[in-house]
Amino acid sequence: MTKSTAIAARVLGDETIIMSTVDSTIFMLNPTGTVIWEAADGNTSLSRIVEERVCAEFDVDLEQASADAKEFVDELAVHGILVVSDKPVSQ
Amino acid sequence: MSLLEEMNQKATAQGIPLSAHLDITWRCNERCVHCYLDHDGKDEMSTAEIKDVIRQLAECGTFFLSISGGEPLLRRDCFEILEYARELRFNVKLKTNAVMIGAKEAARLKQLGIEQVQISIYSDRPEIHDAITKLPGSLRRSLEAIRHLKAQGVKVSITNVLMKQNVTSGKAVQQLAKELDVAFVIDPTITPMLNGDRSILNLGISAKELEEVFRTEEFVGNVGEYCAPVSTVDDNVLDGYSCSAGHTLAYIAPNGDVFPCVQFPMPCGSLREKTFREIWWRSEALTELRTIQVRDLPTCSQCGHAAYCTRCPGLAYMEGSMRGPSSSDCAKSEARTGIPSAWQTSQRTAPSNLIQIMLA
């Protein structure tokens, strides 16, 4: 998965503000969402991000974190904020 | 609290310059009679310098970036600058008179994901609009540009600055905006020139005309609510700040000079001598500005309008003190509510000359 180009985004401290340039919807990502967002480089899989970043930085078990992360990514993908693919995506 | 308000609150608490207004040139192809800028093109930053400034802003947390001028599209590198800003994921607004925007430029702006294009339209009548811009054919060209932008799906906002020449144009321009399906903003404020020349203030509309604007439902919504005086001046109000200038907003002139806002010409430093981070965090002028709460304003803290006054510290600065009143905002408060401000009252009740008779 990778970040869409049709967005404006800025990491502010441990949170991230994102605005869709398509419909001006605003999202504020919490620290966990920010970690996933920053790691979405088109090459790293979500499962690896959860295992190596989310579980390492937050007190959360892998199963719960994986479920929450999938829900989070799906929602951002619906709004066109993240582009999700089974294969690596160029940024 | 909306997400935007929450974001602003956090940025204020952390001292993040969330918004920046960057004029990339003061040159312009129009000569609007009320413009607060001279149109000198000397000392403009190069493309590389501007890109470096934009990069620094991103590093400092700036999210909202207004690219403006002058007429920004007079710079051949305008699209290169916009593209770079979008690469760094800024929310970019472009302020332009749009006379240089055709179908090709509109398509490029759409492709770049520009958040909004803001265009000043002074009247629906060419003889009035063109007399203000002093560019024959400018209304026709700006409206053509708006149609190109809308055809591409770019969001557009029309600003209607009111002055003596077009005081009755507001409703017609609002109707035009409706027909074009674009946002509409009416602005009755004429500001002094940045070089201190206040002569253009004579173009401003009268107090009675301002009152009429504020009592027009189409412009303000619920007139009763908009014009109702709010008398509660509590600690929340007194602990507050006048606006975001210097707190979460910075203005950068084409030569790299930094100010709190485009309407607040208090020099804070030059990006040709220091980094943006150094200026934002260490400028004595900005540090002093950030200490000023409403309770520190000698006259305005005593004013019943303090809770909702639009007091502009930049206009106050241009009148002599950033802690003083801004007379045009006092006039707005009075036009809205019918109640003079504390400053206006003090001016109107100044004692007449006393004659002292000394007896031997």
# chains A, B, ... in the order shown; residues from 1 in each chain; ligands from 1

$ residues_around --residues "Thr275 (chain B)" --least-positions-apart "3" --cutoff "10 Å" --atoms "only C-alpha atoms" --output "list in words"
Asp52, Val53, Gln56, Leu57, Gly269, Ser270, Leu271, Arg272, Glu278, Ile279 and Trp280 of chain B

$ residues_around --residues "region 51-54 of chain A" --least-positions-apart "4" --cutoff "7 Å" --atoms "only C-alpha atoms" --output "MDAnalysis selection string"
chainID A and resid 32 35 47 58 62

$ select_by_dssp --residues "chain A" --states "strand (DSSP E or B)" --output "PyMOL selection string"
chain A and resi 2-3+7-12+15-20+26-29+41+82-83

$ write_last_selection --atoms "C-alpha atoms" --output "PDB file, in the first residue's frame"
ATOM      1  CA  THR A   2       1.075   3.546  -0.651  1.00  0.00           C
ATOM      2  CA  LYS A   3      -0.050   7.114  -0.094  1.00  0.00           C
ATOM      3  CA  ILE A   7      -4.029  14.304  -0.746  1.00  0.00           C
ATOM      4  CA  ALA A   8      -2.393  16.971   1.380  1.00  0.00           C
ATOM      5  CA  ALA A   9      -0.781  15.661   4.554  1.00  0.00           C
ATOM      6  CA  ARG A  10       1.478  16.731   7.371  1.00  0.00           C
ATOM      7  CA  VAL A  11       2.773  14.916  10.431  1.00  0.00           C
ATOM      8  CA  LEU A  12       2.368  17.197  13.471  1.00  0.00           C
ATOM      9  CA  GLU A  15      -0.432  12.870  14.818  1.00  0.00           C
ATOM     10  CA  THR A  16      -1.106  13.392  11.124  1.00  0.00           C
ATOM     11  CA  ILE A  17      -3.509  15.704   9.355  1.00  0.00           C
ATOM     12  CA  ILE A  18      -4.679  14.554   5.925  1.00  0.00           C
ATOM     13  CA  MET A  19      -7.010  16.302   3.513  1.00  0.00           C
ATOM     14  CA  SER A  20      -8.355  14.781   0.322  1.00  0.00           C
ATOM     15  CA  ILE A  26     -10.206  15.920   6.603  1.00  0.00           C
ATOM     16  CA  PHE A  27      -8.735  13.088   8.639  1.00  0.00           C
ATOM     17  CA  MET A  28      -6.695  13.303  11.807  1.00  0.00           C
ATOM     18  CA  LEU A  29      -4.622  10.184  12.450  1.00  0.00           C
ATOM     19  CA  ASP A  41       5.883   3.234   1.198  1.00  0.00           C
ATOM     20  CA  LEU A  82      -4.248   5.107   0.680  1.00  0.00           C
ATOM     21  CA  VAL A  83      -3.839   2.989  -2.440  1.00  0.00           C
TER      22      VAL A  83
END

$ closest_atom_pairs --of "chain B" --to "chain A" --cutoff "9 Å" --atoms "only C-alpha atoms" --output "Markdown table"
| residue | atom | partner | partner_atom | distance |
| --- | --- | --- | --- | --- |
| B:Leu3 | CA | A:Met28 | CA | 7.2 |
| B:Leu4 | CA | A:Ile26 | CA | 8.0 |
| B:Met7 | CA | A:Ile17 | CA | 7.9 |
| B:Lys10 | CA | A:Leu12 | CA | 8.9 |
| B:Ala11 | CA | A:Leu12 | CA | 8.1 |
| B:Gln14 | CA | A:Gly13 | CA | 8.8 |
| B:Ile16 | CA | A:Leu12 | CA | 8.2 |
| B:Ala58 | CA | A:Arg10 | CA | 7.7 |
| B:Cys60 | CA | A:Leu12 | CA | 9.0 |
| B:Gly61 | CA | A:Leu12 | CA | 6.1 |
| B:Thr62 | CA | A:Arg10 | CA | 7.5 |
| B:Phe63 | CA | A:Arg10 | CA | 6.0 |
| B:Phe64 | CA | A:Ala8 | CA | 8.8 |
| B:Arg86 | CA | A:Ala8 | CA | 7.5 |
| B:Glu87 | CA | A:Thr5 | CA | 8.1 |
| B:Leu88 | CA | A:Ala8 | CA | 8.3 |
| B:Arg89 | CA | A:Ala8 | CA | 4.5 |
| B:Phe90 | CA | A:Ala8 | CA | 5.2 |
| B:Asn91 | CA | A:Ala8 | CA | 5.0 |
| B:Val92 | CA | A:Ala8 | CA | 8.3 |
| B:Leu112 | CA | A:Ala6 | CA | 8.3 |
| B:Gly113 | CA | A:Thr21 | CA | 5.7 |
| B:Ile114 | CA | A:Thr21 | CA | 7.2 |
| B:Glu115 | CA | A:Thr21 | CA | 5.9 |

$ select_by_dssp --residues "region 10-88 of chain A" --states "alpha helix (DSSP H)" --output "PyMOL selection string"
chain A and resi 31-39+46-49+55-57+62-78

$ write_last_selection --atoms "C-alpha atoms" --output "PDB file, in the first residue's frame"
ATOM      1  CA  PRO A  31      -0.160   8.080  16.869  1.00  0.00           C
ATOM      2  CA  THR A  32      -0.820   4.470  15.785  1.00  0.00           C
ATOM      3  CA  GLY A  33      -2.400   5.604  12.505  1.00  0.00           C
ATOM      4  CA  THR A  34       0.547   7.931  11.970  1.00  0.00           C
ATOM      5  CA  VAL A  35       3.017   5.061  12.288  1.00  0.00           C
ATOM      6  CA  ILE A  36       1.102   3.058   9.660  1.00  0.00           C
ATOM      7  CA  TRP A  37       0.767   6.131   7.433  1.00  0.00           C
ATOM      8  CA  GLU A  38       4.485   6.928   7.560  1.00  0.00           C
ATOM      9  CA  ALA A  39       5.390   3.321   6.817  1.00  0.00           C
ATOM     10  CA  LEU A  46       0.591  -4.101   6.262  1.00  0.00           C
ATOM     11  CA  SER A  47       1.320  -7.271   8.216  1.00  0.00           C
ATOM     12  CA  ARG A  48       4.996  -6.364   8.377  1.00  0.00           C
ATOM     13  CA  ILE A  49       4.197  -2.766   9.426  1.00  0.00           C
ATOM     14  CA  CYS A  55       3.536  -3.898  18.039  1.00  0.00           C
ATOM     15  CA  ALA A  56       7.064  -2.676  18.718  1.00  0.00           C
ATOM     16  CA  GLU A  57       5.997   0.872  19.548  1.00  0.00           C
ATOM     17  CA  LEU A  62      -0.555  -8.795  17.239  1.00  0.00           C
ATOM     18  CA  GLU A  63      -4.013 -10.209  16.571  1.00  0.00           C
ATOM     19  CA  GLN A  64      -5.871  -7.127  17.819  1.00  0.00           C
ATOM     20  CA  ALA A  65      -3.417  -4.742  16.136  1.00  0.00           C
ATOM     21  CA  SER A  66      -3.759  -6.570  12.805  1.00  0.00           C
ATOM     22  CA  ALA A  67      -7.550  -6.358  12.890  1.00  0.00           C
ATOM     23  CA  ASP A  68      -7.549  -2.675  13.851  1.00  0.00           C
ATOM     24  CA  ALA A  69      -4.907  -1.844  11.241  1.00  0.00           C
ATOM     25  CA  LYS A  70      -6.849  -3.578   8.472  1.00  0.00           C
ATOM     26  CA  GLU A  71     -10.009  -1.672   9.400  1.00  0.00           C
ATOM     27  CA  PHE A  72      -8.026   1.590   9.457  1.00  0.00           C
ATOM     28  CA  VAL A  73      -6.399   0.961   6.071  1.00  0.00           C
ATOM     29  CA  ASP A  74      -9.698  -0.102   4.483  1.00  0.00           C
ATOM     30  CA  GLU A  75     -11.343   3.118   5.603  1.00  0.00           C
ATOM     31  CA  LEU A  76      -8.536   5.295   4.240  1.00  0.00           C
ATOM     32  CA  ALA A  77      -8.611   3.300   0.980  1.00  0.00           C
ATOM     33  CA  VAL A  78     -12.365   3.884   0.609  1.00  0.00           C
TER      34      VAL A  78
END

$ residues_around --residues "Ser19 (chain B)" --least-positions-apart "2" --cutoff "8 Å" --atoms "only C-alpha atoms" --output "ChimeraX atom specification"
/B:17,21,62-66,248-250

$ write_last_selection --atoms "N, CA and C atoms" --output "compact mmCIF listing (two decimals), in the first residue's frame"
# COMPACT_ATOMS: atom_id res chain seq x y z
N PRO B 17 3.70 26.68 12.69
CA PRO B 17 3.17 27.59 11.66
C PRO B 17 2.31 26.83 10.67
N HIS B 21 1.47 32.16 3.96
CA HIS B 21 1.07 32.91 2.77
C HIS B 21 2.37 33.33 2.11
N THR B 62 4.13 23.30 8.36
CA THR B 62 3.11 24.05 7.63
C THR B 62 2.31 23.10 6.74
N PHE B 63 0.99 23.25 6.80
CA PHE B 63 0.09 22.38 6.03
C PHE B 63 -0.65 23.19 4.97
N PHE B 64 -1.16 24.37 5.36
CA PHE B 64 -1.90 25.22 4.42
C PHE B 64 -0.94 26.24 3.80
N LEU B 65 -0.83 26.24 2.48
CA LEU B 65 0.08 27.17 1.81
C LEU B 65 -0.68 27.95 0.74
N SER B 66 -0.73 29.28 0.92
CA SER B 66 -1.35 30.13 -0.10
C SER B 66 -0.25 30.73 -0.95
N THR B 248 0.11 30.85 14.38
CA THR B 248 0.11 29.69 13.48
C THR B 248 0.19 30.12 12.02
N LEU B 249 0.34 31.41 11.79
CA LEU B 249 0.37 31.95 10.42
C LEU B 249 1.60 32.81 10.20
N ALA B 250 2.24 32.62 9.04
CA ALA B 250 3.37 33.46 8.66
C ALA B 250 3.16 33.97 7.24

$ closest_residue --among "B:Trp26, B:Gly196, B:Lys178, B:Glu49" --to "Glu218 (chain B)" --atoms "only C-alpha atoms"
B:Lys178

$ residues_around --residues "Arg27 (chain B)" --least-positions-apart "4" --cutoff "7 Å" --atoms "only C-alpha atoms" --output "ChimeraX atom specification"
/B:39-41,70-71

$ residues_around --residues "Leu162 (chain B)" --least-positions-apart "5" --cutoff "7 Å" --atoms "only C-alpha atoms" --output "PDB file with C-alpha atoms, in the first residue's frame"
ATOM      1  CA  VAL B 167     -20.347  49.518  -3.365  1.00  0.00           C
ATOM      2  CA  ASP B 187     -14.903  41.871   2.004  1.00  0.00           C
ATOM      3  CA  PRO B 188     -15.494  45.510   2.932  1.00  0.00           C
TER       4      PRO B 188
END

$ atom_distance --atom1 "CA of Asp234 (chain B)" --atom2 "CA of Ala307 (chain B)"
8.2 Å
